[in-house]
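What follows is one structure encoded as structure tokens, with my remarks underneath.
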Number of protein chains: 2
Amino acid sequence: MSSQEPNTRTRILEATWALLDSNPGVAARMSDIARQAGVSRQALYLHFPNRTELFIATTKFQDEAFNVEERLRPSRSAQTGLERLDAWVEAWGSYIPKIYGVAKTLRVMAETDADASRAWHERMQDMREGCAAAVRALAADGTLVQDHDETGATDILWTMLSIDNWEALTRDCGWSQDRYLAHLRKLAIQVLTRV
Amino acid sequence: MSSQEPNTRTRILEATWALLDSNPGVAARMSDIARQAGVSRQALYLHFPNRTELFIATTKFQDEAFNVEERLRPSRSAQTGLERLDAWVEAWGSYIPKIYGVAKTLRVMAETDADASRAWHERMQDMREGCAAAVRALAADGTLVQDHDETGATDILWTMLSIDNWEALTRDCGWSQDRYLAHLRKLAIQVLTRV
DNA sequence: CCTTTTGCTTGACACTGTGTAAATTGACAG
DNA sequence: CTGTCAATTTACACAGTGTCAAGCAAAAGG
């Protein structure tokens with residue numbers, strides 16, 4: 001990203017990011033990452049205890065680089081519940097493609113690695129918090145659909161917004177990001193709000 | 001399943017099934033499967049070329065055991081498009097929990113193994129065919145929602161019915177199978193049909 | 001009855017990838 | 001000059017997959 005040769009730790013994180021992005025889910029080998037970063041394989045272990053922690057650190061590195069908090073501001077300052085829901089779907093839906101490569105890798109590793117699993121679930125719980133806030137705002141307005149209680153509605157929104165669903169529509173079905181986003185915004189409103 | 005000591009190949013498949021079911025996604029080791037089947041590790045390689053093919057064979061074994069074709073009959077013989085959609089969601093949604101353990105494992109392996117990936121996608125394409133048929137039936141009735149063309153509607157139904165979504169709702173959110181099924185039937189109708 | 005075949009066993013081994021450890025080099029600070 | 005820090009190289013232990021060769025026991029076939 002930057003050109004004035006950052007420190008080794010940062011170079012490693014950038015290399016990991018680049019590799020996972022170019023091959024989402026495949027869990028690059030430590031030697032690949034080392035080569036990409038222009039460093040010995042053992043140097044990786046001087047900065048990160050193991051591969052899982054390196055990947056987890058990469059997700060945090062991304063969150064900083066993208067300034068997550070900044071992105072959520074429009075959603076937080078929305079006036080009505082409906083606006084808040086819409087802004088949240090928009091914000092998260094736009095964020096997915098940026099983090100997809102690394103997130104997907106972590107998700108795959110989560111199946112076999114306990115630390116990766118913990119990190120992945122934490123991340124998904126954070127995302128759920130955004131869903132819950134939108135649902136609360138709807139409920140406060142009295143515009144939440146009546147079929148579900150707040151928890152159930154949050155479950156539905158959270159599932160709807162999963163990275164897996166983004167992957168299915170944009171990667172397997174070939175939808176553009178714009179089409180995905182338009183569909184999800186409409187779907188969320190249709191399923192969760194009452195007119 | 002049966003008790004009159006079946007042949008070795010079948011015993012291996014049953015052992016694999018049991019292990020993958022008891023720990024979905026974790027990709028049991030060949031030695032574990034061998035122990036479970038009461039057979040040497042090498043015997044596995046006499047019947048299956050490698051672990052991936054063993055798992056693929058296990059999914060086919062399951063499909064036979066469950067008589068997939070039988071399950072789809074109600075959906076195929078439905079009169080209206082709406083009935084057909086509903087029967088399809090019901091049929092597939094009820095099938096997921098039965099195949100979850102093995103399917104999930106295959107899905108995880110698909111990220112790193114080319115053969116597993118091919119098998120997984122084939123399976124998902126078969127499932128998509130059921131979605132497409134339901135959408136076609138709606139379109140023929142003139143009850144398909146107008147926001148999407150047939151392909152788009154199929155994409156949406158297929159995504160909605162993914163194993164990942166079943167997993168999110170029933171395993172992560174703690175929904176019962178009945179609740180999942182009721183929700184999905186309603187959701188499919190709400191999103192895909194017009195009144 | 002002996003021979004062959006079939007199906008499985010045991011034991012050894014090559015290969016890949018992770019993670020650990022020890023000894024070495026080069027640069028820089030006091 | 002000395003100590004220290006960051007990174008390097010080389011070596012190795014360990015787990016798990018897949019391959020290979022030799023042996024063995026029971027069924028099948030003449």
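Numbering starts fresh at 1 for the residues of each chain in the structure tokens, the chains themselves are lettered A, B, ... in the order given, and ligands are numbered from 1 as they appear.
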
Item to complete: Output as a PyMOL selection string the set of chain C residues within 9 Å of chain A, with distances taken over only C-alpha atoms (C1' of nucleotides).
Response: chain C and resi 17-19

Next, the residues of the selection above should be written as a PDB file, in the first residue's frame with N, CA and C atoms (P, O5', C5', C4', C3', O3' and C1' of nucleotides).
ATOM      1  P    DG C  17       3.361 -27.821   1.272  1.00  0.00           P
ATOM      2  O5'  DG C  17       3.124 -27.365   2.784  1.00  0.00           O
ATOM      3  C5'  DG C  17       1.880 -27.653   3.422  1.00  0.00           C
ATOM      4  C4'  DG C  17       2.055 -27.506   4.893  1.00  0.00           C
ATOM      5  C3'  DG C  17       2.781 -26.229   5.317  1.00  0.00           C
ATOM      6  O3'  DG C  17       1.949 -25.484   6.186  1.00  0.00           O
ATOM      7  C1'  DG C  17       3.668 -28.123   6.426  1.00  0.00           C
ATOM      8  P    DT C  18       2.371 -24.094   6.814  1.00  0.00           P
ATOM      9  O5'  DT C  18       2.474 -24.453   8.363  1.00  0.00           O
ATOM     10  C5'  DT C  18       1.383 -25.079   8.996  1.00  0.00           C
ATOM     11  C4'  DT C  18       1.764 -25.478  10.396  1.00  0.00           C
ATOM     12  C3'  DT C  18       2.292 -24.341  11.257  1.00  0.00           C
ATOM     13  O3'  DT C  18       1.557 -24.321  12.472  1.00  0.00           O
ATOM     14  C1'  DT C  18       3.806 -26.184  11.291  1.00  0.00           C
ATOM     15  P    DG C  19       1.573 -22.999  13.403  1.00  0.00           P
ATOM     16  O5'  DG C  19       2.834 -23.275  14.347  1.00  0.00           O
ATOM     17  C5'  DG C  19       2.735 -24.347  15.274  1.00  0.00           C
ATOM     18  C4'  DG C  19       4.093 -24.693  15.825  1.00  0.00           C
ATOM     19  C3'  DG C  19       4.862 -23.524  16.460  1.00  0.00           C
ATOM     20  O3'  DG C  19       5.193 -23.886  17.788  1.00  0.00           O
ATOM     21  C1'  DG C  19       6.259 -24.813  15.071  1.00  0.00           C
TER      22       DG C  19
END

Practice prompt. Give me, as number ranges by chain, the contact residues of chain A against chain B at a cut-off of 8 Å, counting only C-alpha atoms.
Written response: A: 25-26, 108, 111-112, 155-156, 159-160, 164-165, 168-169, 173, 187, 191

Discussion item. Set the cut-off to 12 Å and count only C-alpha atoms (C1' of nucleotides): what are the residues of chain D that reach chain A? Output as a ChimeraX atom specification.
Written reply: /D:6-10

Pull C-alpha atoms (C1' of nucleotides) from the residues just selected and write them as a PDB file, in the first residue's frame.
ATOM      1  C1'  DA D   6      16.436  -7.821  14.636  1.00  0.00           C
ATOM      2  C1'  DA D   7      16.738 -10.942  11.427  1.00  0.00           C
ATOM      3  C1'  DT D   8      19.097 -14.929   9.194  1.00  0.00           C
ATOM      4  C1'  DT D   9      20.340 -19.870   8.424  1.00  0.00           C
ATOM      5  C1'  DT D  10      20.149 -24.484   9.513  1.00  0.00           C
TER       6       DT D  10
END

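Using only C-alpha atoms for every distance, the candidate list A:Ala87, A:Arg73, A:Ile189, A:Val102 yields A:Val102 as the residue closest to A:Ala15.
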
Discussion item. What's around B:Leu85 at 9 Å? Count only C-alpha atoms (C1' of nucleotides), leave out sequence neighbours fewer than 5 positions away in its own chain, and write the answer as a PyMOL selection string.
Written reply: chain B and resi 75+78+80+90+131+133-135+137-138+185+188-189

Practice prompt. Go ahead and compute the interatomic distance for atom CA of A:Ala139 and atom CA of B:Leu181, in Å to one decimal.
Written response: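 Distance reported for this atom pair: 24.8 Å.
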
Discussion item. What's around B:Asp178 at 10 Å? Count only C-alpha atoms (C1' of nucleotides), leave out sequence neighbours fewer than 5 positions away in its own chain, and write the answer as an NGL selection string.
Written reply: :B and (93-94 or 170 or 183-184)

Given the selection you just returned, output its residues as a file containing N, CA and C atoms, formatted as a JSON list (two decimals), in the first residue's frame.
[["chain", "number", "residue", "atom", "x", "y", "z"],
["B", 93, "GLY", "N", -35.62, -28.12, 3.16],
["B", 93, "GLY", "CA", -35.38, -27.65, 4.52],
["B", 93, "GLY", "C", -35.37, -28.80, 5.53],
["B", 94, "SER", "N", -36.16, -29.84, 5.25],
["B", 94, "SER", "CA", -36.18, -30.99, 6.16],
["B", 94, "SER", "C", -35.00, -31.92, 5.90],
["B", 170, "THR", "N", -30.29, -22.24, 13.03],
["B", 170, "THR", "CA", -30.52, -23.32, 14.00],
["B", 170, "THR", "C", -29.35, -23.52, 14.95],
["B", 183, "HIS", "N", -40.37, -20.41, 9.29],
["B", 183, "HIS", "CA", -39.88, -19.11, 8.84],
["B", 183, "HIS", "C", -39.54, -19.15, 7.35],
["B", 184, "LEU", "N", -38.83, -20.17, 6.93],
["B", 184, "LEU", "CA", -38.41, -20.19, 5.54],
["B", 184, "LEU", "C", -39.55, -20.36, 4.57]]

Quick one: contact table of stretch 101-149 of chain A to stretch 55-60 of chain A, 9 Å max, nearest atom pair and distance in Å to one decimal per residue, counting only C-alpha atoms, chain and number order, as CSV?
residue,atom,partner,partner_atom,distance
A:Val102,CA,A:Thr59,CA,6.6
A:Ala103,CA,A:Thr59,CA,7.1
A:Thr105,CA,A:Phe55,CA,8.2
A:Leu106,CA,A:Phe55,CA,7.0
A:Asp115,CA,A:Ile56,CA,9.0
A:Ala116,CA,A:Ile56,CA,7.3
A:Ala119,CA,A:Ile56,CA,6.9
A:Trp120,CA,A:Ile56,CA,8.7

Please produce a file of those selected residues containing C-alpha atoms, as a PDB file, in the first residue's frame.
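Output contents, as saved in again04.pdb:
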ATOM      1  CA  VAL A 102      -9.181 -12.409   4.924  1.00  0.00           C
ATOM      2  CA  ALA A 103     -12.543 -12.954   6.605  1.00  0.00           C
ATOM      3  CA  THR A 105      -9.914 -17.510   5.368  1.00  0.00           C
ATOM      4  CA  LEU A 106     -10.584 -16.991   9.045  1.00  0.00           C
ATOM      5  CA  ASP A 115      -8.508 -19.655  18.315  1.00  0.00           C
ATOM      6  CA  ALA A 116      -9.707 -18.861  14.822  1.00  0.00           C
ATOM      7  CA  ALA A 119     -11.970 -14.691  16.683  1.00  0.00           C
ATOM      8  CA  TRP A 120     -14.512 -15.393  13.975  1.00  0.00           C
TER       9      TRP A 120
END

Practice prompt. Identify all residues of stretch 21-195 of chain B in alpha helix (DSSP H) (DSSP on the backbone) and supply them as JSON, numbers by chain.
Written response: {"B": [21, 22, 30, 31, 32, 33, 34, 35, 36, 37, 41, 42, 43, 44, 45, 46, 47, 51, 52, 53, 54, 55, 56, 57, 58, 59, 60, 61, 62, 63, 64, 65, 66, 68, 69, 70, 71, 72, 73, 74, 75, 76, 81, 82, 83, 84, 85, 86, 87, 88, 89, 90, 91, 92, 93, 94, 95, 96, 97, 98, 99, 100, 101, 102, 103, 104, 105, 106, 107, 108, 109, 110, 114, 115, 116, 117, 118, 119, 120, 121, 122, 123, 124, 125, 126, 127, 128, 129, 130, 131, 132, 133, 134, 135, 136, 137, 138, 139, 140, 141, 150, 151, 152, 153, 154, 155, 156, 157, 158, 159, 160, 163, 164, 165, 166, 167, 177, 178, 179, 180, 181, 182, 183, 184, 185, 186, 187, 188, 189, 190, 191, 192]}

Discussion item. Let me make sure I understand: among B:Thr52, B:Gln79, B:Gln62, B:Asn23, which one has the smallest atom-to-atom distance to B:Thr10 if we use only C-alpha atoms?
Written reply: B:Gln62
